[in-house]
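Quick look at work_20.txt (compact mmCIF, C-alpha atoms):
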# COMPACT_ATOMS: atom_id res chain seq x y z
CA MET K 1375 -67.92 -62.95 3.66
CA ASN K 1376 -67.33 -59.28 4.44
CA GLU K 1377 -66.07 -58.27 1.02
CA GLU K 1378 -68.34 -56.07 -1.09
CA ASN K 1379 -70.07 -57.46 -4.15
CA PRO K 1380 -68.37 -60.84 -4.51
CA VAL K 1381 -69.26 -62.17 -7.92
CA VAL K 1382 -67.78 -65.58 -8.52
CA GLY K 1383 -65.88 -68.27 -6.69
CA ALA K 1384 -62.46 -69.68 -7.39
CA GLY K 1385 -63.88 -72.90 -8.72
CA ASN K 1386 -65.93 -71.29 -11.48
CA GLY K 1387 -65.70 -67.63 -12.50
CA ALA K 1388 -62.10 -67.09 -11.40
CA GLN K 1389 -61.07 -70.20 -13.30
CA ARG K 1390 -62.99 -69.07 -16.37
CA LEU K 1391 -61.26 -65.71 -16.16
CA LEU K 1392 -57.89 -67.45 -16.06
CA THR K 1393 -58.89 -69.64 -19.00
CA LEU K 1394 -59.86 -66.57 -21.03
CA SER K 1395 -56.62 -64.90 -20.05
CA ASP K 1396 -54.56 -67.92 -21.08
CA GLY K 1397 -56.22 -67.85 -24.50
CA VAL K 1398 -55.48 -64.16 -25.03
CA PHE K 1399 -51.87 -64.57 -23.89
CA ALA K 1400 -51.41 -67.56 -26.22
CA ILE K 1401 -52.82 -65.65 -29.20
CA ALA K 1402 -50.69 -62.58 -28.46
CA LEU K 1403 -47.55 -64.70 -28.22
CA THR K 1404 -48.42 -66.38 -31.52
CA LEU K 1405 -49.08 -63.08 -33.30
CA LEU K 1406 -45.62 -61.85 -32.31
CA VAL K 1407 -43.91 -64.40 -34.53
CA LEU K 1408 -46.09 -63.90 -37.61
CA ASP K 1409 -44.19 -60.79 -38.71
CA ILE K 1410 -40.89 -62.69 -38.82
CA SER K 1411 -40.53 -63.89 -42.39
CA VAL K 1412 -38.27 -63.97 -45.42
CA PRO K 1413 -39.69 -63.29 -48.91
CA ASP K 1414 -40.04 -66.20 -51.31
CA ASP K 1415 -38.00 -66.87 -54.46
CA LEU K 1416 -34.86 -65.01 -53.44
CA GLY K 1417 -31.41 -65.52 -54.86
CA VAL K 1418 -28.50 -66.43 -52.63
CA ARG K 1419 -27.40 -62.83 -52.03
CA GLU K 1420 -30.93 -61.52 -51.57
CA TYR K 1421 -31.68 -64.38 -49.19
CA ASP K 1422 -28.62 -63.68 -47.05
CA LYS K 1423 -29.53 -59.99 -46.88
CA ALA K 1424 -33.16 -60.72 -46.03
CA LEU K 1425 -32.10 -63.16 -43.32
CA GLN K 1426 -29.84 -60.55 -41.76
CA GLU K 1427 -32.72 -58.08 -41.74
CA THR K 1428 -34.73 -60.42 -39.52
CA THR K 1429 -32.30 -59.72 -36.64
CA THR K 1430 -34.28 -56.67 -35.51
CA GLN K 1431 -37.54 -58.60 -35.85
CA LEU K 1432 -36.20 -61.43 -33.70
CA TRP K 1433 -34.95 -58.97 -31.08
CA ALA K 1434 -38.37 -57.27 -30.88
CA TYR K 1435 -40.06 -60.68 -30.76
CA PHE K 1436 -38.03 -61.97 -27.83
CA LEU K 1437 -38.40 -58.69 -25.92
CA SER K 1438 -42.19 -58.77 -26.22
CA PHE K 1439 -42.29 -62.50 -25.52
CA VAL K 1440 -40.49 -61.99 -22.21
CA ILE K 1441 -42.74 -59.05 -21.27
CA ILE K 1442 -45.94 -60.99 -22.00
CA ALA K 1443 -44.65 -64.13 -20.30
CA LEU K 1444 -43.78 -62.24 -17.11
CA PHE K 1445 -47.16 -60.52 -17.10
CA TRP K 1446 -48.89 -63.90 -17.56
CA ARG K 1447 -46.92 -65.46 -14.71
CA GLU K 1448 -47.76 -62.72 -12.23
CA HIS K 1449 -51.39 -62.70 -13.37
CA GLN K 1450 -51.59 -66.44 -12.71
CA ARG K 1451 -50.01 -66.07 -9.30
CA ILE K 1452 -52.41 -63.33 -8.25
CA PHE K 1453 -55.56 -65.23 -9.10
CA ARG K 1454 -54.33 -68.52 -7.71
CA THR K 1455 -54.27 -66.91 -4.25
CA THR K 1456 -57.78 -65.44 -4.21
CA GLN K 1457 -61.11 -67.14 -3.66
CA TRP K 1458 -63.33 -64.89 -5.76
CA VAL K 1459 -63.25 -62.06 -8.25
CA GLY K 1460 -65.51 -59.02 -8.47
CA PRO K 1461 -66.41 -56.52 -11.21
CA VAL K 1462 -63.33 -54.35 -10.58
CA GLU K 1463 -60.97 -57.31 -10.89
CA MET K 1464 -62.75 -58.49 -14.02
CA ASN K 1465 -62.61 -55.07 -15.67
CA LEU K 1466 -58.95 -54.58 -14.81
CA THR K 1467 -58.15 -58.03 -16.16
CA LEU K 1468 -59.97 -57.25 -19.40
CA LEU K 1469 -58.09 -53.95 -19.69
CA GLY K 1470 -54.82 -55.75 -19.13
CA LEU K 1471 -55.74 -58.36 -21.74
CA ALA K 1472 -56.63 -55.62 -24.22
CA LEU K 1473 -53.16 -54.11 -23.76
CA VAL K 1474 -51.50 -57.51 -24.09
CA ALA K 1475 -53.46 -58.25 -27.27
CA LEU K 1476 -52.38 -54.85 -28.64
CA LEU K 1477 -48.66 -55.41 -28.00
CA PRO K 1478 -47.98 -57.31 -31.29
CA PHE K 1479 -48.80 -54.10 -33.20
CA PRO K 1480 -46.18 -51.82 -31.56
CA THR K 1481 -43.81 -54.80 -31.62
CA SER K 1482 -44.21 -54.92 -35.40
CA LEU K 1483 -43.58 -51.17 -35.62
CA LEU K 1484 -40.52 -51.51 -33.40
CA SER K 1485 -39.07 -54.31 -35.52
CA ASP K 1486 -39.51 -52.37 -38.79
CA TYR K 1487 -39.10 -48.75 -37.67
CA SER K 1488 -36.93 -48.80 -34.55
CA GLU K 1489 -35.23 -45.58 -35.70
CA HIS K 1490 -38.56 -43.71 -35.60
CA SER K 1491 -39.47 -41.94 -32.37
CA SER K 1492 -43.18 -42.70 -32.59
CA ALA K 1493 -42.59 -46.46 -32.90
CA VAL K 1494 -40.38 -46.58 -29.81
CA ALA K 1495 -42.69 -44.24 -27.87
CA LEU K 1496 -45.79 -46.29 -28.69
CA TYR K 1497 -44.09 -49.51 -27.66
CA SER K 1498 -42.90 -47.95 -24.39
CA ALA K 1499 -46.36 -46.58 -23.63
CA ASN K 1500 -48.01 -49.96 -24.30
CA VAL K 1501 -45.65 -51.81 -21.98
CA ALA K 1502 -45.86 -49.13 -19.26
CA ALA K 1503 -49.66 -49.21 -19.33
CA THR K 1504 -49.71 -53.01 -19.17
CA GLU K 1505 -47.40 -53.06 -16.17
CA ALA K 1506 -49.41 -50.29 -14.47
CA VAL K 1507 -52.61 -52.33 -14.82
CA LEU K 1508 -50.83 -55.27 -13.22
CA ILE K 1509 -49.85 -53.13 -10.22
CA VAL K 1510 -53.41 -51.86 -9.74
CA LEU K 1511 -54.90 -55.31 -10.18
CA TRP K 1512 -52.45 -56.81 -7.76
CA HIS K 1513 -53.08 -54.07 -5.18
CA ILE K 1514 -56.87 -54.50 -5.31
CA VAL K 1515 -56.75 -58.28 -5.08
CA TRP K 1516 -54.22 -58.28 -2.26
CA SER K 1517 -56.08 -55.62 -0.31
CA ARG K 1518 -58.76 -58.19 0.52
CA GLU K 1519 -59.00 -59.21 4.12
CA GLY K 1520 -58.69 -62.91 3.35
CA VAL K 1521 -55.45 -62.49 1.47
CA ARG K 1522 -53.88 -60.14 3.99
CA ARG K 1523 -54.15 -62.83 6.64
CA GLN K 1524 -52.06 -65.32 4.70
CA PRO K 1525 -48.52 -65.82 6.05
CA GLY K 1526 -45.98 -64.00 3.96
CA ALA K 1527 -48.52 -61.74 2.24
CA ALA K 1528 -46.73 -58.56 3.37
CA GLU K 1529 -43.46 -59.81 1.88
CA VAL K 1530 -45.18 -60.58 -1.41
CA ARG K 1531 -46.73 -57.11 -1.54
CA ARG K 1532 -43.38 -55.42 -1.04
CA ALA K 1533 -41.58 -57.72 -3.46
CA SER K 1534 -44.25 -57.28 -6.14
CA VAL K 1535 -44.06 -53.49 -5.94
CA THR K 1536 -40.27 -53.60 -6.02
CA ASP K 1537 -40.36 -55.88 -9.05
CA THR K 1538 -43.02 -54.07 -11.12
CA VAL K 1539 -42.58 -50.36 -10.40
CA PRO K 1540 -39.14 -50.08 -12.11
CA SER K 1541 -40.69 -51.37 -15.35
CA VAL K 1542 -43.45 -48.76 -15.21
CA VAL K 1543 -41.00 -45.97 -14.41
CA ILE K 1544 -38.44 -46.88 -17.08
CA PHE K 1545 -40.92 -47.52 -19.90
CA THR K 1546 -42.87 -44.37 -19.02
CA ALA K 1547 -39.66 -42.32 -19.02
CA SER K 1548 -38.80 -43.86 -22.38
CA VAL K 1549 -41.81 -42.22 -24.05
CA PRO K 1550 -40.49 -38.61 -23.99
CA ILE K 1551 -36.89 -39.80 -24.38
CA ALA K 1552 -37.86 -41.60 -27.59
CA PHE K 1553 -38.67 -38.26 -29.23
CA LEU K 1554 -35.17 -37.06 -28.41
CA SER K 1555 -33.32 -40.30 -29.15
CA PRO K 1556 -35.06 -43.58 -30.08
CA ALA K 1557 -31.82 -45.47 -29.52
CA GLY K 1558 -31.36 -43.83 -26.13
CA ALA K 1559 -34.85 -44.90 -25.07
CA MET K 1560 -34.14 -48.50 -26.04
CA TRP K 1561 -30.82 -48.47 -24.20
CA LEU K 1562 -32.75 -47.28 -21.15
CA TRP K 1563 -34.79 -50.49 -21.33
CA ALA K 1564 -31.55 -52.43 -20.86
CA CYS K 1565 -31.29 -51.02 -17.33
CA LEU K 1566 -34.13 -53.35 -16.39
CA ILE K 1567 -32.04 -56.49 -16.98
CA PRO K 1568 -29.93 -56.28 -13.79
CA VAL K 1569 -32.80 -54.72 -11.84
CA LYS K 1570 -35.27 -57.49 -12.76
CA ALA K 1571 -32.67 -60.15 -12.07
CA ILE K 1572 -32.44 -58.97 -8.46
CA THR K 1573 -36.08 -58.08 -7.82
CA GLY K 1574 -37.31 -61.21 -9.60
CA ARG K 1575 -35.36 -63.47 -7.25
CA LYS K 1576 -36.76 -61.65 -4.22
CA LEU K 1577 -40.29 -61.97 -5.60
CA ASP K 1578 -39.88 -65.69 -6.29
CA ARG K 1579 -38.63 -66.18 -2.76
CA ALA K 1580 -41.62 -64.31 -1.31
CA TRP K 1581 -44.10 -66.36 -3.37
CA ARG K 1582 -42.46 -69.63 -2.30
CA GLN K 1583 -42.83 -68.59 1.33
CA LEU K 1584 -46.52 -68.11 0.62
CA GLY K 1585 -46.69 -71.58 -0.92
CA VAL K 1586 -47.13 -70.44 -4.54
CA SER K 1587 -44.49 -71.70 -6.95
CA ARG K 1588 -43.60 -70.39 -10.39
Kindly return the structure encoded in the file as structure tokens.
Amino acid sequence: MNEENPVVGAGNGAQRLLTLSDGVFAIALTLLVLDISVPDDLGVREYDKALQETTTQLWAYFLSFVIIALFWREHQRIFRTTQWVGPVEMNLTLLGLALVALLPFPTSLLSDYSEHSSAVALYSANVAATEAVLIVLWHIVWSREGVRRQPGAAEVRRASVTDTVPSVVIFTASVPIAFLSPAGAMWLWACLIPVKAITGRKLDRAWRQLGVSR
């Protein structure tokens, strides 16, 4: 093997890294829902009001759930196509996991203080950083000689960049915008819905050509 400093093979270390990642993703997804609650011993009117107030919490929960789920899916795809991982890949994965594990905190702030600039800015920065780590990790893994020779690899590279870069750009731009208008920053996130619908289909098609399903 011509790659520098290979550390572990797909059958052991890479699989252990995926197992660790799955655990962190599962915990992060679970933590998201813990902040959604209604106080005990409420009267009918208080209960109805408290239930209505969970709307923002549910919205923040589903947004973060989708973000983490998409990150997990692409992370799985990347490591299912490589035969070994090195120190750089491990460190980037750990950084990405740290950002994923942190996301429940800004999600909680967003659900309770969505009108505050700092809450929206912190959430945007967390998501942008997570997506940026995914791009770097993907680029390093797919720059390996063995992966480049796989049929369809060039299409996957282009489709992955097209799919991920808009998220980084929009969430990064949302950080300064949040200090001008928190609501405006969150409306900017909505631009990703049609964009991801198109780029996601192209990425799925490229992965299927490579023989990697969802």
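Among the candidates K:Phe1399, K:Trp1561, K:Trp1516, K:Phe1553, the one nearest to K:Leu1496 when counting all atoms listed in the file is K:Phe1553.
Between atom CA of K:Ala1506 and atom CA of K:Phe1439 the interatomic distance comes to 17.9 Å.
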Do a neighbour search on K:Val1494 at 9 Å with only C-alpha atoms, toss out local chain neighbours closer than 4 positions, and write the hits as a short mmCIF file (atom, residue, chain, number, x, y, z; two decimals) with C-alpha atoms, in the coordinates of the input.
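Contents of part27.cif, as written:
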data_model
loop_
_atom_site.label_atom_id
_atom_site.label_comp_id
_atom_site.auth_asym_id
_atom_site.auth_seq_id
_atom_site.Cartn_x
_atom_site.Cartn_y
_atom_site.Cartn_z
CA PRO K 1480 -46.18 -51.82 -31.56
CA LEU K 1483 -43.58 -51.17 -35.62
CA LEU K 1484 -40.52 -51.51 -33.40
CA TYR K 1487 -39.10 -48.75 -37.67
CA SER K 1488 -36.93 -48.80 -34.55
CA GLU K 1489 -35.23 -45.58 -35.70
CA HIS K 1490 -38.56 -43.71 -35.60
CA SER K 1498 -42.90 -47.95 -24.39
CA ALA K 1499 -46.36 -46.58 -23.63
CA SER K 1548 -38.80 -43.86 -22.38
CA VAL K 1549 -41.81 -42.22 -24.05
CA ALA K 1552 -37.86 -41.60 -27.59
CA PHE K 1553 -38.67 -38.26 -29.23
CA PRO K 1556 -35.06 -43.58 -30.08
CA ALA K 1557 -31.82 -45.47 -29.52
CA ALA K 1559 -34.85 -44.90 -25.07
CA MET K 1560 -34.14 -48.50 -26.04
#
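Of the residues listed (K:Leu1403, K:Ala1472, K:Leu1394, K:Val1515), K:Leu1403 shows the shortest atom-to-atom separation from K:Leu1437; distances use only C-alpha atoms.
Candidate residues K:Val1569, K:Ile1452, K:Ile1551, K:Ala1443 were compared for distance to K:His1513, and the nearest is K:Ile1452, using all atoms listed in the file.
Closest approach to K:Ala1434 among K:Leu1508, K:Val1459, K:Leu1406, K:Leu1469 is made by K:Leu1406 (distances from only C-alpha atoms).
Residue nearest K:Phe1545 within the list K:Gly1460, K:Gly1574, K:Pro1568, K:Gly1558: K:Gly1558 [criterion: smallest interatomic distance, only C-alpha atoms].
Nearest to K:Trp1433 of all the residues K:Ile1509, K:Ile1410, K:Val1462, K:Leu1562 is K:Ile1410, counting all atoms listed in the file.
Here atom CA of K:Ala1400 stands at a distance of 14.0 Å from atom CA of K:Tyr1435.
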One decimal, Å: what's the distance from atom CA of K:Ala1571 over to atom CA of K:Glu1448, could you say?
15.3 Å
Residue neighbourhood K:Ser1482, 7 Å, all atoms listed in the file, exclusion window fewer than 4 positions, as a count of residues only
3
Mind checking which residues fall within 10 Å of K:Glu1505, counting only C-alpha atoms, ignoring those fewer than 2 positions away in the same chain, and posting them as a list of chain:residue names?
K:Ile1441, K:Ile1442, K:Leu1444, K:Phe1445, K:Gly1470, K:Leu1473, K:Val1474, K:Ala1499, K:Asn1500, K:Val1501, K:Ala1502, K:Ala1503, K:Val1507, K:Leu1508, K:Ile1509, K:Val1510, K:Leu1511, K:Thr1538, K:Val1539, K:Pro1540, K:Ser1541, K:Val1542, K:Val1543, K:Phe1545
